[in-house]
Every structure is written in C-alpha cells, then in structure tokens.
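In what follows, a structure is listed as structure tokens, so that the remarks can point back to it.
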Amino acid sequence: MSRSEKLRLALVLGGARSGKSRYALDLAGTFPPPRLYVATAEAGDEEMAVRIAQHRRDRGEGWETVEAPLELAGALSQAQGGYEVIVVDCLTLWLSNQLIRGGDGAELQRECVELAAAVEKTATPTIVVSNEVGWGIVPENPLAREFRDLAGWLHQLMAAAADLVVLLAAGLPLTLKSAHGKGE
C-alpha cells in the first residue's frame, strides 16, 4: 500500500517471530519523518531490556518513541498532528499489562472499546501490531482463557475499523482486508 492510498488504520497480525513488526516498520517507512513508535512492552527483566534496546536500534533514525504500557488510548490521542505515521507495537502486550494489573473482564472490555474509539478518531495514519493467539489449544487456566478471548475480541474491533489488515506467517504477508477489496 502506498501513501497515496490514504492509509488511516492498519492492523498487522501474526505469531511470534512471524515478521509482523518488520512489516509494520517497512510500511511506516513509506511515510516521511517524524514517525512515532508507541511501545507497550515493559522491561521486566534483563532479557526483555536487551530486546527493547535492539528494537530501538532496528528502527534507526527518524523515529520518536513513547512508552505506553497502559495508557495507549491517551498516548494515541496526544500524538495527533505531531507525526506523519504512528506504529503501535503491540496490542497483546498492552492487553497483558492490563490483565496483570488486575482489571476485570468488564473493565478490560471498556478499555478495549476506548482504545478502538481513539484509533477510529485518529487523523494520523496508524499501524497497529498484535499477536494472533487464538490458533492454539484452549488454555488450561481462566486467566489465559480470558486473555485469549479478549485478544480475539479486540482484534475483531480493530479489524472492523481498519483499512488494511495483514496476517504474517514465516515473514510472508497475507492481506485479509484492504481499502480496495476484501483481500488480495
């Protein structure tokens, strides 16, 4: 998709190490700076801190970073008008952060609806990355089932609002939805 196709919202889904973040950054690279990367990860241990540092190096020049492990809707609202493109990486980490902090199902659904509303209002092209977690076995514990169910529901909200939905597997993109049709 080129910038001339007026990207408003893209949802990029895939499993771990599927290439989804690279795809999102490449798509964002078609826009001039300034670009904003909204990170939802938190460095809870040394290995995660190393991963985060590597992601920053991989982005290179022309990127600003905002950390929003919880207040994602607010971060997106505040960024409006200041950037040519925004990348959010990733929704499932944001949702996990919400669950870890003890939000109940109804509260988390409200947070998801608030996030979807913020994304729908964005005037800045926004690319949202998330892990597809619904293809495995049914988790054995209630918290994991709640996470899987909320992630699937959140993905449906975002996909409904998106102009572009891409699924990545083995580094290969499959367009599920585009502004020019249902898929390619």
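Residue numbering restarts at 1 in every chain; chains get A, B, ... in the order shown in the structure tokens, and ligands count up from 1 in that same order.
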
Name the residues in contact with His55 (chain A) at a cut-off of 12 Å, using only C-alpha atoms, excluding same-chain residues fewer than 3 positions from it; report them as a PDB file with N, CA and C atoms, in the first residue's frame.
```pdb
ATOM      1  N   SER A  21       6.310  -7.095  13.092  1.00  0.00           N
ATOM      2  CA  SER A  21       6.881  -5.793  13.445  1.00  0.00           C
ATOM      3  C   SER A  21       7.704  -5.232  12.291  1.00  0.00           C
ATOM      4  N   ARG A  22       8.483  -6.059  11.646  1.00  0.00           N
ATOM      5  CA  ARG A  22       9.272  -5.616  10.496  1.00  0.00           C
ATOM      6  C   ARG A  22       8.358  -5.125   9.388  1.00  0.00           C
ATOM      7  N   LEU A  25       7.007  -1.704  10.370  1.00  0.00           N
ATOM      8  CA  LEU A  25       8.028  -0.659  10.239  1.00  0.00           C
ATOM      9  C   LEU A  25       8.310  -0.344   8.776  1.00  0.00           C
ATOM     10  N   TYR A  37       6.788   5.692  17.327  1.00  0.00           N
ATOM     11  CA  TYR A  37       6.670   4.289  17.727  1.00  0.00           C
ATOM     12  C   TYR A  37       6.127   4.278  19.143  1.00  0.00           C
ATOM     13  N   VAL A  38       4.935   3.716  19.328  1.00  0.00           N
ATOM     14  CA  VAL A  38       4.326   3.614  20.649  1.00  0.00           C
ATOM     15  C   VAL A  38       4.565   2.197  21.150  1.00  0.00           C
ATOM     16  N   ALA A  39       5.409   2.086  22.162  1.00  0.00           N
ATOM     17  CA  ALA A  39       5.809   0.787  22.711  1.00  0.00           C
ATOM     18  C   ALA A  39       4.953   0.444  23.913  1.00  0.00           C
ATOM     19  N   ALA A  41       5.595  -2.612  25.546  1.00  0.00           N
ATOM     20  CA  ALA A  41       6.390  -3.552  26.338  1.00  0.00           C
ATOM     21  C   ALA A  41       7.038  -2.840  27.521  1.00  0.00           C
ATOM     22  N   MET A  48      14.444  -8.917  28.421  1.00  0.00           N
ATOM     23  CA  MET A  48      13.482  -8.034  27.763  1.00  0.00           C
ATOM     24  C   MET A  48      14.097  -6.660  27.527  1.00  0.00           C
ATOM     25  N   ALA A  49      14.911  -6.186  28.436  1.00  0.00           N
ATOM     26  CA  ALA A  49      15.600  -4.905  28.244  1.00  0.00           C
ATOM     27  C   ALA A  49      16.498  -4.959  27.014  1.00  0.00           C
ATOM     28  N   VAL A  50      17.179  -6.078  26.816  1.00  0.00           N
ATOM     29  CA  VAL A  50      18.037  -6.251  25.635  1.00  0.00           C
ATOM     30  C   VAL A  50      17.182  -6.240  24.365  1.00  0.00           C
ATOM     31  N   ARG A  51      16.055  -6.945  24.392  1.00  0.00           N
ATOM     32  CA  ARG A  51      15.145  -6.958  23.226  1.00  0.00           C
ATOM     33  C   ARG A  51      14.665  -5.551  22.883  1.00  0.00           C
ATOM     34  N   ILE A  52      14.268  -4.796  23.894  1.00  0.00           N
ATOM     35  CA  ILE A  52      13.768  -3.441  23.669  1.00  0.00           C
ATOM     36  C   ILE A  52      14.866  -2.571  23.070  1.00  0.00           C
ATOM     37  N   ASP A  58      17.029  -1.187  15.680  1.00  0.00           N
ATOM     38  CA  ASP A  58      16.478  -1.626  14.391  1.00  0.00           C
ATOM     39  C   ASP A  58      15.641  -0.538  13.725  1.00  0.00           C
ATOM     40  N   ARG A  59      14.953   0.271  14.528  1.00  0.00           N
ATOM     41  CA  ARG A  59      14.131   1.337  13.942  1.00  0.00           C
ATOM     42  C   ARG A  59      14.989   2.385  13.265  1.00  0.00           C
ATOM     43  N   GLY A  60      16.135   2.669  13.820  1.00  0.00           N
ATOM     44  CA  GLY A  60      17.032   3.650  13.210  1.00  0.00           C
ATOM     45  C   GLY A  60      16.577   5.083  13.391  1.00  0.00           C
ATOM     46  N   TRP A  63      12.726   8.216  14.093  1.00  0.00           N
ATOM     47  CA  TRP A  63      11.665   7.691  14.956  1.00  0.00           C
ATOM     48  C   TRP A  63      11.751   8.324  16.331  1.00  0.00           C
ATOM     49  N   THR A  65      10.033   7.629  20.226  1.00  0.00           N
ATOM     50  CA  THR A  65       9.393   6.531  20.942  1.00  0.00           C
ATOM     51  C   THR A  65       8.660   7.067  22.156  1.00  0.00           C
ATOM     52  N   ASP A  89       3.128  -1.056  18.892  1.00  0.00           N
ATOM     53  CA  ASP A  89       3.644  -2.427  18.972  1.00  0.00           C
ATOM     54  C   ASP A  89       3.745  -2.802  20.448  1.00  0.00           C
TER      55      ASP A  89
END
```

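Look at Gly152 (chain A): the protein and nucleic acid residues within 12 Å of it, using only C-alpha atoms and passing over chain neighbours fewer than 3 places away, are Leu13, Leu91, Thr92, Leu95, Gln109, Cys112, Ser130, Asn131, Glu132, Val133, Gly134, Trp135, Arg145, Glu146, Phe147, Arg148, Asp149, His155, Gln156, Leu157, Met158 and Ala159 of chain A.
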
Query raised in the report: Counting only C-alpha atoms, which of A:Ala169, A:Ile86, A:Leu27, A:Leu36 gets nearest to Val119 (chain A)?
Result: A:Ile86

Assign secondary structure with DSSP using the backbone only, and return the residues of region 8-156 of chain A in strand (DSSP E or B) as a PDB file with N, CA and C atoms, in the first residue's frame.
```pdb
ATOM      1  N   LEU A   9      -5.801   3.331   9.069  1.00  0.00           N
ATOM      2  CA  LEU A   9      -5.528   2.369  10.126  1.00  0.00           C
ATOM      3  C   LEU A   9      -5.194   1.019   9.508  1.00  0.00           C
ATOM      4  N   ALA A  10      -4.063   0.470   9.913  1.00  0.00           N
ATOM      5  CA  ALA A  10      -3.663  -0.881   9.502  1.00  0.00           C
ATOM      6  C   ALA A  10      -3.511  -1.729  10.747  1.00  0.00           C
ATOM      7  N   LEU A  11      -3.983  -2.964  10.663  1.00  0.00           N
ATOM      8  CA  LEU A  11      -3.801  -3.958  11.721  1.00  0.00           C
ATOM      9  C   LEU A  11      -2.904  -5.044  11.147  1.00  0.00           C
ATOM     10  N   VAL A  12      -1.784  -5.286  11.808  1.00  0.00           N
ATOM     11  CA  VAL A  12      -0.814  -6.284  11.367  1.00  0.00           C
ATOM     12  C   VAL A  12      -0.758  -7.374  12.429  1.00  0.00           C
ATOM     13  N   LEU A  13      -1.204  -8.571  12.051  1.00  0.00           N
ATOM     14  CA  LEU A  13      -1.294  -9.708  12.966  1.00  0.00           C
ATOM     15  C   LEU A  13      -0.297 -10.787  12.576  1.00  0.00           C
ATOM     16  N   GLY A  14       0.091 -11.605  13.549  1.00  0.00           N
ATOM     17  CA  GLY A  14       0.935 -12.760  13.283  1.00  0.00           C
ATOM     18  C   GLY A  14       1.364 -13.390  14.585  1.00  0.00           C
ATOM     19  N   ARG A  35       8.181  10.118  12.640  1.00  0.00           N
ATOM     20  CA  ARG A  35       7.400   8.905  12.855  1.00  0.00           C
ATOM     21  C   ARG A  35       7.407   8.603  14.354  1.00  0.00           C
ATOM     22  N   LEU A  36       6.293   8.082  14.838  1.00  0.00           N
ATOM     23  CA  LEU A  36       6.193   7.754  16.262  1.00  0.00           C
ATOM     24  C   LEU A  36       6.015   6.255  16.431  1.00  0.00           C
ATOM     25  N   TYR A  37       6.788   5.692  17.327  1.00  0.00           N
ATOM     26  CA  TYR A  37       6.670   4.289  17.727  1.00  0.00           C
ATOM     27  C   TYR A  37       6.127   4.278  19.143  1.00  0.00           C
ATOM     28  N   VAL A  38       4.935   3.716  19.328  1.00  0.00           N
ATOM     29  CA  VAL A  38       4.326   3.614  20.649  1.00  0.00           C
ATOM     30  C   VAL A  38       4.565   2.197  21.150  1.00  0.00           C
ATOM     31  N   ALA A  39       5.409   2.086  22.162  1.00  0.00           N
ATOM     32  CA  ALA A  39       5.809   0.787  22.711  1.00  0.00           C
ATOM     33  C   ALA A  39       4.953   0.444  23.913  1.00  0.00           C
ATOM     34  N   TRP A  63      12.726   8.216  14.093  1.00  0.00           N
ATOM     35  CA  TRP A  63      11.665   7.691  14.956  1.00  0.00           C
ATOM     36  C   TRP A  63      11.751   8.324  16.331  1.00  0.00           C
ATOM     37  N   GLU A  64      10.606   8.681  16.870  1.00  0.00           N
ATOM     38  CA  GLU A  64      10.497   9.011  18.290  1.00  0.00           C
ATOM     39  C   GLU A  64       9.778   7.840  18.940  1.00  0.00           C
ATOM     40  N   THR A  65      10.033   7.629  20.226  1.00  0.00           N
ATOM     41  CA  THR A  65       9.393   6.531  20.942  1.00  0.00           C
ATOM     42  C   THR A  65       8.660   7.067  22.156  1.00  0.00           C
ATOM     43  N   VAL A  66       7.444   6.581  22.335  1.00  0.00           N
ATOM     44  CA  VAL A  66       6.648   6.853  23.529  1.00  0.00           C
ATOM     45  C   VAL A  66       6.312   5.499  24.135  1.00  0.00           C
ATOM     46  N   GLU A  67       6.527   5.363  25.425  1.00  0.00           N
ATOM     47  CA  GLU A  67       6.179   4.122  26.113  1.00  0.00           C
ATOM     48  C   GLU A  67       4.783   4.279  26.713  1.00  0.00           C
ATOM     49  N   VAL A  85       3.172   9.347  10.753  1.00  0.00           N
ATOM     50  CA  VAL A  85       2.667   7.987  10.926  1.00  0.00           C
ATOM     51  C   VAL A  85       2.965   7.540  12.350  1.00  0.00           C
ATOM     52  N   ILE A  86       2.118   6.652  12.861  1.00  0.00           N
ATOM     53  CA  ILE A  86       2.283   6.088  14.203  1.00  0.00           C
ATOM     54  C   ILE A  86       2.264   4.566  14.077  1.00  0.00           C
ATOM     55  N   VAL A  87       3.206   3.905  14.761  1.00  0.00           N
ATOM     56  CA  VAL A  87       3.207   2.443  14.877  1.00  0.00           C
ATOM     57  C   VAL A  87       2.995   2.103  16.339  1.00  0.00           C
ATOM     58  N   VAL A  88       2.025   1.237  16.612  1.00  0.00           N
ATOM     59  CA  VAL A  88       1.772   0.735  17.966  1.00  0.00           C
ATOM     60  C   VAL A  88       2.215  -0.716  17.988  1.00  0.00           C
ATOM     61  N   ASP A  89       3.128  -1.056  18.892  1.00  0.00           N
ATOM     62  CA  ASP A  89       3.644  -2.427  18.972  1.00  0.00           C
ATOM     63  C   ASP A  89       3.745  -2.802  20.448  1.00  0.00           C
ATOM     64  N   THR A 126      -2.112   5.197  11.279  1.00  0.00           N
ATOM     65  CA  THR A 126      -1.694   4.395  12.423  1.00  0.00           C
ATOM     66  C   THR A 126      -1.618   2.931  12.024  1.00  0.00           C
ATOM     67  N   ILE A 127      -0.525   2.297  12.403  1.00  0.00           N
ATOM     68  CA  ILE A 127      -0.282   0.882  12.114  1.00  0.00           C
ATOM     69  C   ILE A 127      -0.171   0.181  13.457  1.00  0.00           C
ATOM     70  N   VAL A 128      -1.076  -0.770  13.695  1.00  0.00           N
ATOM     71  CA  VAL A 128      -1.157  -1.462  14.980  1.00  0.00           C
ATOM     72  C   VAL A 128      -0.708  -2.905  14.787  1.00  0.00           C
ATOM     73  N   VAL A 129       0.222  -3.352  15.608  1.00  0.00           N
ATOM     74  CA  VAL A 129       0.761  -4.712  15.564  1.00  0.00           C
ATOM     75  C   VAL A 129       0.171  -5.504  16.725  1.00  0.00           C
ATOM     76  N   SER A 130      -0.143  -6.779  16.469  1.00  0.00           N
ATOM     77  CA  SER A 130      -0.652  -7.627  17.539  1.00  0.00           C
ATOM     78  C   SER A 130      -0.375  -9.093  17.238  1.00  0.00           C
ATOM     79  N   ASN A 131      -0.297  -9.882  18.286  1.00  0.00           N
ATOM     80  CA  ASN A 131      -0.077 -11.323  18.162  1.00  0.00           C
ATOM     81  C   ASN A 131      -1.392 -12.049  17.985  1.00  0.00           C
TER      82      ASN A 131
END
```

Requested in this report: Mind giving me the straight-line distance from CA of Ile100 (chain A) to CA of Arg56 (chain A) in Å, one decimal?
Outcome: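 Atom-to-atom, CA of Ile100 (chain A) and CA of Arg56 (chain A) are spaced 24.9 Å apart.
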
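Picture a line from CA of Gly171 (chain A) to CA of Lys20 (chain A); it runs 7.4 Å.
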
Query raised in the report: For Glu61 (chain A), which residue out of A:Gly74, A:Pro32, A:Pro173, A:Gly82 is the nearest one, using only C-alpha atoms?
Result: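 Closest to Glu61 (chain A), using only C-alpha atoms: A:Pro32.
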
Query raised in the report: Which residues in chain A does DSSP call alpha helix (DSSP H)? List them as JSON, numbers by chain.
Result: {"A": [20, 21, 22, 23, 24, 25, 26, 27, 28, 46, 47, 48, 49, 50, 51, 52, 53, 54, 55, 56, 57, 58, 59, 72, 73, 74, 75, 76, 77, 78, 79, 91, 92, 93, 94, 95, 96, 97, 98, 99, 100, 105, 106, 107, 108, 109, 110, 111, 112, 113, 114, 115, 116, 117, 118, 119, 120, 121, 142, 143, 144, 145, 146, 147, 148, 149, 150, 151, 152, 153, 154, 155, 156, 157, 158, 159, 160, 161]}

Restricted to C-alpha atoms, what would the selected residues look like written as a compact mmCIF listing (two decimals), in the first residue's frame?
```
# COMPACT_ATOMS: atom_id res chain seq x y z
CA LYS A 20 4.81 -8.56 11.82
CA SER A 21 6.88 -5.79 13.45
CA ARG A 22 9.27 -5.62 10.50
CA TYR A 23 6.32 -5.44 8.10
CA ALA A 24 4.76 -2.61 10.15
CA LEU A 25 8.03 -0.66 10.24
CA ASP A 26 8.54 -1.13 6.49
CA LEU A 27 5.01 0.13 5.84
CA ALA A 28 5.60 3.10 8.15
CA GLU A 46 17.40 -8.16 31.57
CA GLU A 47 16.50 -10.26 28.52
CA MET A 48 13.48 -8.03 27.76
CA ALA A 49 15.60 -4.91 28.24
CA VAL A 50 18.04 -6.25 25.64
CA ARG A 51 15.15 -6.96 23.23
CA ILE A 52 13.77 -3.44 23.67
CA ALA A 53 17.20 -1.90 23.05
CA GLN A 54 17.61 -3.99 19.90
CA HIS A 55 14.18 -2.89 18.63
CA ARG A 56 15.20 0.76 19.12
CA ARG A 57 18.40 0.19 17.13
CA ASP A 58 16.48 -1.63 14.39
CA ARG A 59 14.13 1.34 13.94
CA LEU A 72 -2.44 3.57 25.00
CA ALA A 73 -5.61 5.46 24.02
CA GLY A 74 -4.26 8.59 25.71
CA ALA A 75 -0.88 8.28 24.01
CA LEU A 76 -2.56 8.00 20.60
CA SER A 77 -4.79 11.00 21.28
CA GLN A 78 -1.83 13.12 22.40
CA ALA A 79 0.19 12.20 19.30
CA LEU A 91 -1.83 -4.76 21.36
CA THR A 92 -1.39 -8.12 23.06
CA LEU A 93 1.35 -6.77 25.33
CA TRP A 94 -0.91 -3.83 26.21
CA LEU A 95 -3.76 -6.24 26.98
CA SER A 96 -1.45 -8.44 29.03
CA ASN A 97 -0.30 -5.38 31.00
CA GLN A 98 -3.95 -4.56 31.71
CA LEU A 99 -4.69 -8.11 32.92
CA ILE A 100 -1.58 -8.26 35.12
CA GLY A 105 -13.41 -8.54 32.21
CA ALA A 106 -15.95 -5.71 32.04
CA GLU A 107 -13.30 -3.09 32.82
CA LEU A 108 -10.96 -4.52 30.19
CA GLN A 109 -13.72 -4.54 27.59
CA ARG A 110 -14.32 -0.84 28.32
CA GLU A 111 -10.58 -0.18 27.89
CA CYS A 112 -10.66 -2.02 24.55
CA VAL A 113 -13.68 -0.03 23.36
CA GLU A 114 -11.96 3.20 24.45
CA LEU A 115 -8.84 2.20 22.52
CA ALA A 116 -10.85 1.31 19.41
CA ALA A 117 -12.62 4.68 19.61
CA ALA A 118 -9.29 6.53 19.91
CA VAL A 119 -7.91 4.65 16.91
CA GLU A 120 -11.03 5.36 14.85
CA LYS A 121 -10.67 9.11 15.57
CA PRO A 142 -9.05 -18.99 33.47
CA LEU A 143 -6.67 -16.01 33.15
CA ALA A 144 -5.12 -17.39 29.95
CA ARG A 145 -8.59 -18.11 28.51
CA GLU A 146 -9.72 -14.59 29.38
CA PHE A 147 -6.61 -13.16 27.69
CA ARG A 148 -7.15 -15.23 24.55
CA ASP A 149 -10.83 -14.30 24.37
CA LEU A 150 -10.21 -10.58 24.95
CA ALA A 151 -7.40 -10.53 22.38
CA GLY A 152 -9.65 -12.13 19.77
CA TRP A 153 -12.45 -9.68 20.52
CA LEU A 154 -10.04 -6.70 20.42
CA HIS A 155 -8.66 -7.89 17.08
CA GLN A 156 -12.19 -8.00 15.69
CA LEU A 157 -12.82 -4.41 16.86
CA MET A 158 -9.60 -3.20 15.26
CA ALA A 159 -10.09 -5.17 12.05
CA ALA A 160 -13.58 -3.73 11.62
CA ALA A 161 -12.16 -0.19 11.86
```

**Report entry** For Thr40 (chain A), the nearest of the candidates A:Leu7, A:Cys90, A:Leu174, A:Ala16, counting only C-alpha atoms
**Finding:**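 When distances to Thr40 (chain A) are compared using only C-alpha atoms, the smallest one comes from A:Cys90.
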
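Interatomic distance, CA of Asp163 (chain A) against CA of Ala123 (chain A): 13.2 Å.
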